[in-house]
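Asker: Sending over a structure as structure tokens; questions will come in a sec.
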Amino acid sequence: MRSYGHMAKAAGIALALAALTAGCTSVRDHRGYLVDQTLLDSVQPGIDNRLSVEKTLGRPTFVSQFGEKDYYYISQTVKTPPFRRPQTSEQTVLRVRFDPAGNVVGVDKRGMEQVARISPNGDTTPTLGRHRGLLEDLFGNIGAVGAAGMPGGGTGPVGPGPNGS
């Protein structure tokens with residue numbers, strides 16, 4: 001009986017360790033368009049138009065707002081390590097360019113080389129100017145408010161009209 005209890009205890013510890021390590025794996029998630037290379041290769045410049053592209057590739061992720069109305073299909077694979085922020089591990093941006101008549105001119109494919117990695121410096125943004133404390137924020141304008149409207153104070157309008165005329 002003693003060996004059975006020892007084996008059950010070891011199995012319980014192994015099960016607990018497996019559960020703990022399973023919680024520490026990163027989560028992989030796909031976002032956006034699912035790229036099918038066969039469908040992408042079937043879109044040909046000079047042959048296809050906007051309607052045939054939508055029938056082949058589906059509705060675009062977004063359409064450009066300026067210039068020619070190009071179609072963009074965006075696909076991302078994001079990994080989220082435990083207790084950390086999600087990080088893009090793979091990205092594909094497909095751009096289908098059209099001429100003014102709506103016929104396909106070209107298909108461009110970009111990857112992670114277009115992703116800009118930005119590393120902010122600290123938790124605050126440095127600004128020009130002086131540092132003000134709480135009391136100065138609360139009481140700093142006492143005496144300054146309404147000084148321009150007081151008789152003899154400020155350089156406001158002098159005449160009877162709304163703009164001093």
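Letters for chains follow the order of the structure tokens (A, B, ...), residue numbers begin at 1 for each chain, and ligand numbers begin at 1 in the order shown.
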What's around region 116-128 of chain A at 12 Å? Count only C-alpha atoms, leave out sequence neighbours fewer than 4 positions away in its own chain, and write the answer as a ChimeraX atom specification.
Answerer: /A:87-89,91,111-112
Asker: Since we have the selection now, will you write its residues out, keeping C-alpha atoms, as a short mmCIF file (atom, residue, chain, number, x, y, z; two decimals), in the first residue's frame?
Answerer:
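Written file, part-v5.cif:
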data_model
loop_
_atom_site.label_atom_id
_atom_site.label_comp_id
_atom_site.auth_asym_id
_atom_site.auth_seq_id
_atom_site.Cartn_x
_atom_site.Cartn_y
_atom_site.Cartn_z
CA GLN A 87 4.27 40.48 -30.72
CA THR A 88 3.80 40.21 -34.49
CA SER A 89 5.92 37.29 -35.70
CA GLN A 91 3.01 39.76 -41.50
CA GLY A 111 6.40 41.12 -45.34
CA MET A 112 7.99 41.91 -41.99
#
Asker: Would you pick out the contacts of Lys55 (chain A) at 12 Å or less, using only C-alpha atoms, so that residues sharing its chain but fewer than 6 positions from it are not included, and give the list as a VMD selection string?
Answerer: chain A and resid 39 to 40 42 to 43 48 to 49
Asker: Just list the residues in region 17-123 of chain A DSSP gives strand (DSSP E) on the backbone, as a ChimeraX atom specification.
Answerer: /A:27-32,62-63,71-80,87-98,104-110
Asker: What's the 10 Å shell around Asp29 (chain A), counting only C-alpha atoms, without same-chain residues fewer than 6 positions away, as number ranges by chain?
Answerer: A: 76-80, 86, 88-89
Asker: Could you write out the selected residues, including C-alpha atoms, as an mmCIF file, in the first residue's frame?
Answerer:
data_model
loop_
_atom_site.group_PDB
_atom_site.id
_atom_site.type_symbol
_atom_site.label_atom_id
_atom_site.label_comp_id
_atom_site.auth_asym_id
_atom_site.auth_seq_id
_atom_site.Cartn_x
_atom_site.Cartn_y
_atom_site.Cartn_z
ATOM 1 C CA GLN A 76 -0.670 38.725 -39.321
ATOM 2 C CA THR A 77 0.508 35.967 -37.050
ATOM 3 C CA VAL A 78 0.816 37.178 -33.464
ATOM 4 C CA LYS A 79 2.556 35.388 -30.602
ATOM 5 C CA THR A 80 1.666 36.257 -27.027
ATOM 6 C CA PRO A 86 1.523 40.350 -28.089
ATOM 7 C CA THR A 88 3.797 40.214 -34.492
ATOM 8 C CA SER A 89 5.923 37.295 -35.697
#
Asker: Between A:Ser75, A:Asn103, A:Asn141, A:Ser64, which is the closest to Ile47 (chain A) once you count only C-alpha atoms?
Answerer: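 Closest to Ile47 (chain A) of all the choices is A:Asn103.
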Asker: Pick out the closest residue to Val107 (chain A) from this set: A:Pro82, A:Ser26, A:Thr61, A:Gln44. Count only C-alpha atoms.
Answerer: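 Comparing A:Pro82, A:Ser26, A:Thr61, A:Gln44 against Val107 (chain A), the winner is A:Gln44.
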Asker: Looking at A:Gly67, A:Pro60, A:Pro100, A:Gly140, which one is nearest to Tyr33 (chain A), with distances taken over only C-alpha atoms?
Answerer: A:Pro60
Asker: For each of A:Leu134, A:Val35, A:Val93, A:Leu57, take the minimum atom-to-atom distance to Val115 (chain A), counting only C-alpha atoms, then give the residue where this is smallest.
Answerer: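 Closest residue, counting only C-alpha atoms: A:Val93.
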